[in-house]
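As structure tokens, the structure follows; a few thoughts come after it.
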Amino acid sequence: MGKLFAAVVLVITVVSVAIFVMHVWWLPVDISTTGPAVDHQLDETMVGTGILFFASQILLALFVWGASDTSSSKKIRNFPGGATPLVAFAIILVGLEILTLTFVGSRAWGAIYIAPPDPNSLKIDVQAEQFAFYFRYAGPDGQFGGVHPDKIDDGSGNYFGLDPANDVAARDDIVVGSLTIPVNKPIWLTLHSKDVGHSFFVRELRVQQDFVPGLCGLGHYNMKAYMEVVSQNDFDQFLKTQAGQ
């Protein structure tokens with residue numbers, strides 16, 4: 001049974017590595033400017049951890065294969081110093097790998113979460129709630145109205161708590177249930193949660209950002225919105241159409 005187990009471990013290891021090398025079930029095509037750095041970091045992580053995984057599983061299979069020989073003539077050999085040096089070496093090796101990947105990946109992370117937004121960015125306000133997303137664009141005046149949590153009313157469609165009666169800037173704000181953005185334009189998203197914890201996740205952008213307040217609920221699995229990338233002319237027409245509603 002020992003040799004059979006070793007063979008099974010070897011087969012699982014080879015198949016698992018092949019799946020990642022061949023990019024089976026891989027990420028979709030990136031459509032963002034920060035995505036290539038994220039993909040590069042992912043590749044480095046997969047290569048580094050993959051090498052350690054492959055080596056450790058091969059060693060495991062070899063140890064199991066060797067230990068399966070129970071003949072009395074087999075001489076028992078002890079690892080020098082016992083198990084402690086081997087465990088210490090593994091901990092140091094994995095620790096160095098994690099620190100290296102963290103250091104190398106900090107630039108890609110900082111480009112998304114620390115770098116200031118492009119001054120020419122299109123700013124879009126995002127509101128998440130159980131169980132939907134809403135997106136707010138500044139109207140023709142180019143200004144967002146103030147947000148008043150006490151005025152949020154889903155029944156009347158006031159998802160952001162705007163006060164158009166007393167706030168001139170809020171009167172032309174555009175609020176829709178899907179994200180439409182112009183191609184080749186920097187986008188600056190500001191994220192809010194009305195109630196509990198949600199997550200903004202677009203695989204094609206290589207972006208996932210959590211809304212932190214709390215937990216969501218049973219309908220979380222079905223909570224989604226759509227993003228459409230259009231030409232600048234189509235985007236301008238989209239704003240005009242929404243502003244006229």
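Chains: A, B, ... in order of the structure tokens. Residues: from 1 per chain. Ligands: from 1, in order shown.
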Checklist entry - Where does DSSP see strand (DSSP E) in segment 26-223 of chain A, if you list the residues as a PyMOL selection string? => result chain A and resi 122-129+132-137+174-176+179-182+187-193+198-202+207-211
Checklist entry - Quick one: of A:Lys151, A:His23, A:Arg206, A:Arg171, who's nearest to Ala37 of chain A, counting only C-alpha atoms? => result A:Arg206
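When only C-alpha atoms are used to compute distances to Thr102 of chain A, the closest of the residues A:Gln143, A:Ser121, A:Thr45, A:Asn158 turns out to be A:Thr45.
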Next on the checklist: List as a PyMOL selection string the protein and nucleic acid residues near segment 186-195 of chain A, meaning an atom at most 10 Å away when only C-alpha atoms are counted, but skip any in the same chain fewer than 3 places from it.
Outcome noted: chain A and resi 32-33+116-130+133-136+149+152+159-161+181-183+198-200+209-216
Checklist entry - Quick one: DSSP helix (DSSP H, G or I) residues in segment 139-183 of chain A, as number ranges by chain? => result A: 149-151, 154-156, 168-170
Export of the given selection (N, CA, C and O atoms) as an mmCIF file, in the first residue's frame:
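The new file part-v1.cif reads:
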```cif
data_model
loop_
_atom_site.group_PDB
_atom_site.id
_atom_site.type_symbol
_atom_site.label_atom_id
_atom_site.label_comp_id
_atom_site.auth_asym_id
_atom_site.auth_seq_id
_atom_site.Cartn_x
_atom_site.Cartn_y
_atom_site.Cartn_z
ATOM 1 N N PRO A 149 -27.015 60.142 4.694
ATOM 2 C CA PRO A 149 -27.504 58.790 5.009
ATOM 3 C C PRO A 149 -28.943 58.753 5.501
ATOM 4 O O PRO A 149 -29.669 57.795 5.227
ATOM 5 N N ASP A 150 -29.373 59.798 6.202
ATOM 6 C CA ASP A 150 -30.739 59.801 6.730
ATOM 7 C C ASP A 150 -31.787 59.960 5.628
ATOM 8 O O ASP A 150 -32.974 59.700 5.861
ATOM 9 N N LYS A 151 -31.368 60.354 4.438
ATOM 10 C CA LYS A 151 -32.316 60.546 3.333
ATOM 11 C C LYS A 151 -32.335 59.367 2.352
ATOM 12 O O LYS A 151 -33.047 59.408 1.354
ATOM 13 N N ASP A 154 -34.820 53.573 -0.591
ATOM 14 C CA ASP A 154 -34.873 52.704 -1.769
ATOM 15 C C ASP A 154 -36.226 52.782 -2.461
ATOM 16 O O ASP A 154 -36.328 52.630 -3.682
ATOM 17 N N GLY A 155 -37.274 53.007 -1.701
ATOM 18 C CA GLY A 155 -38.616 53.063 -2.269
ATOM 19 C C GLY A 155 -38.770 54.163 -3.300
ATOM 20 O O GLY A 155 -39.485 53.994 -4.303
ATOM 21 N N SER A 156 -38.106 55.274 -3.085
ATOM 22 C CA SER A 156 -38.189 56.396 -4.022
ATOM 23 C C SER A 156 -36.999 56.451 -4.968
ATOM 24 O O SER A 156 -36.882 57.388 -5.763
ATOM 25 N N VAL A 168 -28.229 72.071 -5.005
ATOM 26 C CA VAL A 168 -28.288 72.268 -6.454
ATOM 27 C C VAL A 168 -27.427 71.241 -7.182
ATOM 28 O O VAL A 168 -27.810 70.707 -8.227
ATOM 29 N N ALA A 169 -26.251 70.919 -6.625
ATOM 30 C CA ALA A 169 -25.340 69.986 -7.295
ATOM 31 C C ALA A 169 -25.934 68.590 -7.412
ATOM 32 O O ALA A 169 -25.555 67.822 -8.300
ATOM 33 N N ALA A 170 -26.861 68.236 -6.535
ATOM 34 C CA ALA A 170 -27.447 66.896 -6.554
ATOM 35 C C ALA A 170 -28.553 66.729 -7.585
ATOM 36 O O ALA A 170 -28.950 65.605 -7.891
#
```
Checklist outcome for this item: Min atom-atom distance to Leu52 of chain A from the set A:Ser106, A:Asn166, A:Asn78, A:Thr13, counting only C-alpha atoms, belongs to A:Thr13
Checklist outcome for this item: atom CA of Phe131 of chain A to atom CA of Met223 of chain A measures 5.1 Å
Checklist entry - Leaving out Ser16 of chain A and any residue of its chain fewer than 4 positions from it, which residues lie within 10 Å of it when counting only C-alpha atoms, given as number ranges by chain? => result A: 10-12, 20-21, 50, 53-54
Next on the checklist: Could you tell me how far atom CA of Gly145 of chain A sits from atom CA of Asp172 of chain A, in Å to one decimal place?
Outcome noted: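 A separation of 8.5 Å between them.
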Next on the checklist: Quick check, in Å to one decimal: how far apart do atom CA of Tyr137 of chain A and atom CA of Val29 of chain A lie?
Outcome noted: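 Distance reported for this atom pair: 26.9 Å.
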Item to check | Nearest to Val14 of chain A by atom-to-atom distance, counting only C-alpha atoms, from A:Val229, A:Gln41, A:Asp30, A:Ile58 | outcome: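 Of A:Val229, A:Gln41, A:Asp30, A:Ile58, the one nearest Val14 of chain A, counting only C-alpha atoms, is A:Ile58.
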